[in-house]
file work_32.cif (mmCIF, C-alpha atoms)
data_protein
loop_
_atom_site.group_PDB
_atom_site.id
_atom_site.type_symbol
_atom_site.label_atom_id
_atom_site.label_comp_id
_atom_site.auth_asym_id
_atom_site.auth_seq_id
_atom_site.Cartn_x
_atom_site.Cartn_y
_atom_site.Cartn_z
ATOM 1 C CA MET X 9 -12.201 -3.610 56.763
ATOM 2 C CA ARG X 10 -9.393 -2.653 54.375
ATOM 3 C CA PHE X 11 -8.236 -5.025 51.651
ATOM 4 C CA VAL X 12 -5.019 -4.636 49.687
ATOM 5 C CA ARG X 13 -5.391 -5.382 45.994
ATOM 6 C CA GLY X 14 -4.135 -8.902 45.282
ATOM 7 C CA GLU X 15 -3.682 -9.694 48.967
ATOM 8 C CA PHE X 16 -5.674 -12.923 48.917
ATOM 9 C CA PHE X 17 -4.188 -13.974 45.574
ATOM 10 C CA THR X 18 -0.744 -13.657 47.162
ATOM 11 C CA ILE X 19 -1.873 -15.593 50.239
ATOM 12 C CA GLY X 20 -3.273 -18.305 47.960
ATOM 13 C CA LEU X 21 -0.001 -18.606 46.030
ATOM 14 C CA LEU X 22 2.016 -18.721 49.236
ATOM 15 C CA GLN X 23 -0.327 -21.271 50.748
ATOM 16 C CA THR X 24 -0.195 -23.508 47.671
ATOM 17 C CA GLY X 25 3.586 -23.348 47.387
ATOM 18 C CA LEU X 26 4.154 -24.006 51.059
ATOM 19 C CA SER X 27 1.663 -26.873 51.101
ATOM 20 C CA MET X 28 3.913 -28.744 48.668
ATOM 21 C CA LEU X 29 6.696 -28.600 51.247
ATOM 22 C CA ILE X 30 5.097 -28.638 54.691
ATOM 23 C CA GLY X 31 1.577 -29.952 54.192
ATOM 24 C CA THR X 32 -0.941 -28.169 56.388
ATOM 25 C CA THR X 33 -1.253 -24.517 55.357
ATOM 26 C CA GLY X 34 -4.976 -23.870 55.800
ATOM 27 C CA PRO X 35 -4.448 -21.884 59.005
ATOM 28 C CA LEU X 36 -2.389 -19.300 57.073
ATOM 29 C CA GLY X 37 -5.302 -18.163 54.936
ATOM 30 C CA GLN X 38 -7.744 -18.586 57.787
ATOM 31 C CA SER X 39 -5.732 -16.313 60.069
ATOM 32 C CA ALA X 40 -5.605 -13.597 57.404
ATOM 33 C CA LEU X 41 -9.389 -13.732 57.130
ATOM 34 C CA VAL X 42 -9.844 -13.610 60.896
ATOM 35 C CA ASN X 43 -7.557 -10.558 61.092
ATOM 36 C CA LYS X 44 -9.700 -8.829 58.461
ATOM 37 C CA GLY X 45 -12.810 -9.453 60.548
ATOM 38 C CA VAL X 46 -14.800 -10.974 57.691
ATOM 39 C CA SER X 47 -18.176 -12.477 58.492
ATOM 40 C CA ARG X 48 -18.561 -16.103 59.479
ATOM 41 C CA ASP X 49 -19.983 -17.125 56.088
ATOM 42 C CA SER X 50 -17.362 -15.196 54.103
ATOM 43 C CA ASN X 51 -14.635 -16.728 56.244
ATOM 44 C CA VAL X 52 -15.854 -20.279 55.642
ATOM 45 C CA SER X 53 -16.506 -19.851 51.916
ATOM 46 C CA THR X 54 -13.196 -18.085 51.233
ATOM 47 C CA THR X 55 -11.258 -20.708 53.186
ATOM 48 C CA ALA X 56 -13.079 -23.423 51.237
ATOM 49 C CA LEU X 57 -12.082 -21.742 47.971
ATOM 50 C CA PHE X 58 -8.445 -21.457 49.156
ATOM 51 C CA MET X 59 -8.386 -25.155 50.018
ATOM 52 C CA THR X 60 -10.113 -26.246 46.801
ATOM 53 C CA LEU X 61 -7.635 -24.346 44.640
ATOM 54 C CA THR X 62 -4.665 -25.451 46.735
ATOM 55 C CA HIS X 63 -5.583 -29.123 46.504
ATOM 56 C CA ALA X 64 -6.512 -28.910 42.810
ATOM 57 C CA LEU X 65 -3.105 -27.423 41.989
ATOM 58 C CA LYS X 66 -1.403 -30.081 44.102
ATOM 59 C CA LEU X 67 -3.292 -32.822 42.212
ATOM 60 C CA VAL X 68 -2.166 -31.353 38.888
ATOM 61 C CA PHE X 69 1.433 -31.007 40.053
ATOM 62 C CA PHE X 70 1.703 -34.479 41.578
ATOM 63 C CA GLY X 71 0.036 -35.989 38.497
ATOM 64 C CA TRP X 72 2.513 -34.119 36.304
ATOM 65 C CA ILE X 73 5.509 -35.560 38.182
ATOM 66 C CA GLY X 74 4.062 -39.069 37.839
ATOM 67 C CA PHE X 75 2.510 -39.804 41.229
ATOM 68 C CA SER X 76 0.291 -42.895 41.098
ATOM 69 C CA PHE X 77 -3.075 -41.955 42.575
ATOM 70 C CA ALA X 78 -4.661 -45.342 41.766
ATOM 71 C CA GLU X 79 -3.178 -47.161 44.746
ATOM 72 C CA TYR X 80 -4.657 -44.516 47.072
ATOM 73 C CA GLY X 81 -8.102 -44.498 45.436
ATOM 74 C CA LEU X 82 -10.026 -45.936 48.375
ATOM 75 C CA LEU X 83 -8.303 -43.626 50.859
ATOM 76 C CA MET X 84 -8.987 -40.592 48.626
ATOM 77 C CA LEU X 85 -12.638 -41.605 48.229
ATOM 78 C CA SER X 86 -12.986 -42.031 52.003
ATOM 79 C CA MET X 87 -11.361 -38.665 52.700
ATOM 80 C CA SER X 88 -13.489 -36.927 50.061
ATOM 81 C CA THR X 89 -16.653 -38.460 51.493
ATOM 82 C CA ALA X 90 -15.668 -37.357 55.012
ATOM 83 C CA ALA X 91 -14.979 -33.826 53.713
ATOM 84 C CA VAL X 92 -18.402 -33.596 52.055
ATOM 85 C CA VAL X 93 -20.201 -34.935 55.153
ATOM 86 C CA GLY X 94 -18.174 -32.623 57.407
ATOM 87 C CA SER X 95 -18.934 -29.623 55.182
ATOM 88 C CA TRP X 96 -22.643 -30.417 55.200
ATOM 89 C CA LEU X 97 -22.673 -30.852 58.978
ATOM 90 C CA GLY X 98 -20.665 -27.657 59.470
ATOM 91 C CA THR X 99 -23.110 -25.729 57.291
ATOM 92 C CA GLN X 100 -26.009 -26.980 59.407
ATOM 93 C CA LEU X 101 -24.308 -26.066 62.695
ATOM 94 C CA ARG X 102 -22.595 -22.822 61.662
ATOM 95 C CA HIS X 103 -25.847 -20.866 61.665
ATOM 96 C CA LEU X 104 -26.535 -21.866 65.266
ATOM 97 C CA ILE X 105 -23.400 -20.109 66.545
ATOM 98 C CA PRO X 106 -23.428 -16.312 66.936
ATOM 99 C CA ASP X 107 -20.858 -14.561 64.718
ATOM 100 C CA ALA X 108 -18.853 -13.189 67.672
ATOM 101 C CA ASN X 109 -18.588 -16.660 69.235
ATOM 102 C CA PHE X 110 -17.596 -18.122 65.871
ATOM 103 C CA GLN X 111 -14.786 -15.567 65.480
ATOM 104 C CA THR X 112 -13.520 -16.236 69.010
ATOM 105 C CA GLY X 113 -13.668 -19.986 68.479
ATOM 106 C CA VAL X 114 -11.741 -19.756 65.215
ATOM 107 C CA LYS X 115 -9.049 -17.628 66.883
ATOM 108 C CA TRP X 116 -8.622 -20.199 69.668
ATOM 109 C CA LEU X 117 -8.577 -23.060 67.170
ATOM 110 C CA LEU X 118 -5.925 -21.313 65.066
ATOM 111 C CA THR X 119 -3.842 -20.655 68.183
ATOM 112 C CA PHE X 120 -4.071 -24.320 69.144
ATOM 113 C CA LEU X 121 -3.140 -25.459 65.613
ATOM 114 C CA ALA X 122 -0.162 -23.070 65.480
ATOM 115 C CA ALA X 123 1.090 -24.287 68.866
ATOM 116 C CA ARG X 124 0.637 -27.891 67.751
ATOM 117 C CA MET X 125 2.593 -27.274 64.543
ATOM 118 C CA VAL X 126 5.440 -25.616 66.460
ATOM 119 C CA PHE X 127 5.477 -28.492 68.941
ATOM 120 C CA GLN X 128 5.610 -31.062 66.124
ATOM 121 C CA VAL X 129 8.485 -29.288 64.406
ATOM 122 C CA PHE X 130 10.647 -28.867 67.500
ATOM 123 C CA PHE X 131 9.675 -31.705 69.825
ATOM 124 C CA ALA X 132 8.325 -34.602 67.753
#

call {"tool": "encode", "arguments": {"input": "work_32.cif", "output": "structure tokens"}}
result
Amino acid sequence: MRFVRGEFFTIGLLQTGLSMLIGTTGPLGQSALVNKGVSRDSNVSTTALFMTLTHALKLVFFGWIGFSFAEYGLLMLSMSTAAVVGSWLGTQLRHLIPDANFQTGVKWLLTFLAARMVFQVFFA
């Protein structure tokens, strides 16, 4: 596994910038990790860090431009609760799946998500 210095920092910046414009950018970082062949746990934890930083920067930016979060408080609380429950459940189940199967499953999921995004852009 060969890493280029600053590679993931660059991916994180790209992902954060693009997420302001197009929304869903998680698959970008995820696909870079899959291509590097990182372990299942490293893949999940690095993706979680990417997403945490991306969303934290978005919160700061949208707060700075005056977005009113108060009217979406219940929705944000519900989504945060679902994310925590989903993360806990994923942690419990992740160790039951062999690493090779996990990698294959992630590749198929990323392929599906990419196809779905292309479909939405051109046909929806």

call {"tool": "closest_residue", "arguments": {"input": "work_32.cif", "among": "X:Thr18, X:Asn109, X:Gln100, X:Thr119", "to": "Phe58 in chain X", "atoms": "only C-alpha atoms"}}
result
X:Thr18

call {"tool": "residues_near_point", "arguments": {"input": "work_32.cif", "point": "(-19.4, -13.5, 60.4)", "cutoff": "10 Å", "atoms": "all atoms listed in the file", "output": "PyMOL selection string"}}
result
chain X and resi 42+45-52+102-103+105-111

call {"tool": "atom_distance", "arguments": {"input": "work_32.cif", "atom1": "CA of Gly81 in chain X", "atom2": "CA of Thr55 in chain X"}}
result
25.2 Å

call {"tool": "atom_distance", "arguments": {"input": "work_32.cif", "atom1": "CA of Tyr80 in chain X", "atom2": "CA of Leu121 in chain X"}}
result
26.6 Å

call {"tool": "atom_distance", "arguments": {"input": "work_32.cif", "atom1": "CA of Glu15 in chain X", "atom2": "CA of Leu57 in chain X"}}
result
14.7 Å

call {"tool": "closest_residue", "arguments": {"input": "work_32.cif", "among": "X:Met125, X:Leu104, X:Leu41, X:Ile73", "to": "Ser53 in chain X", "atoms": "only C-alpha atoms"}}
result
X:Leu41
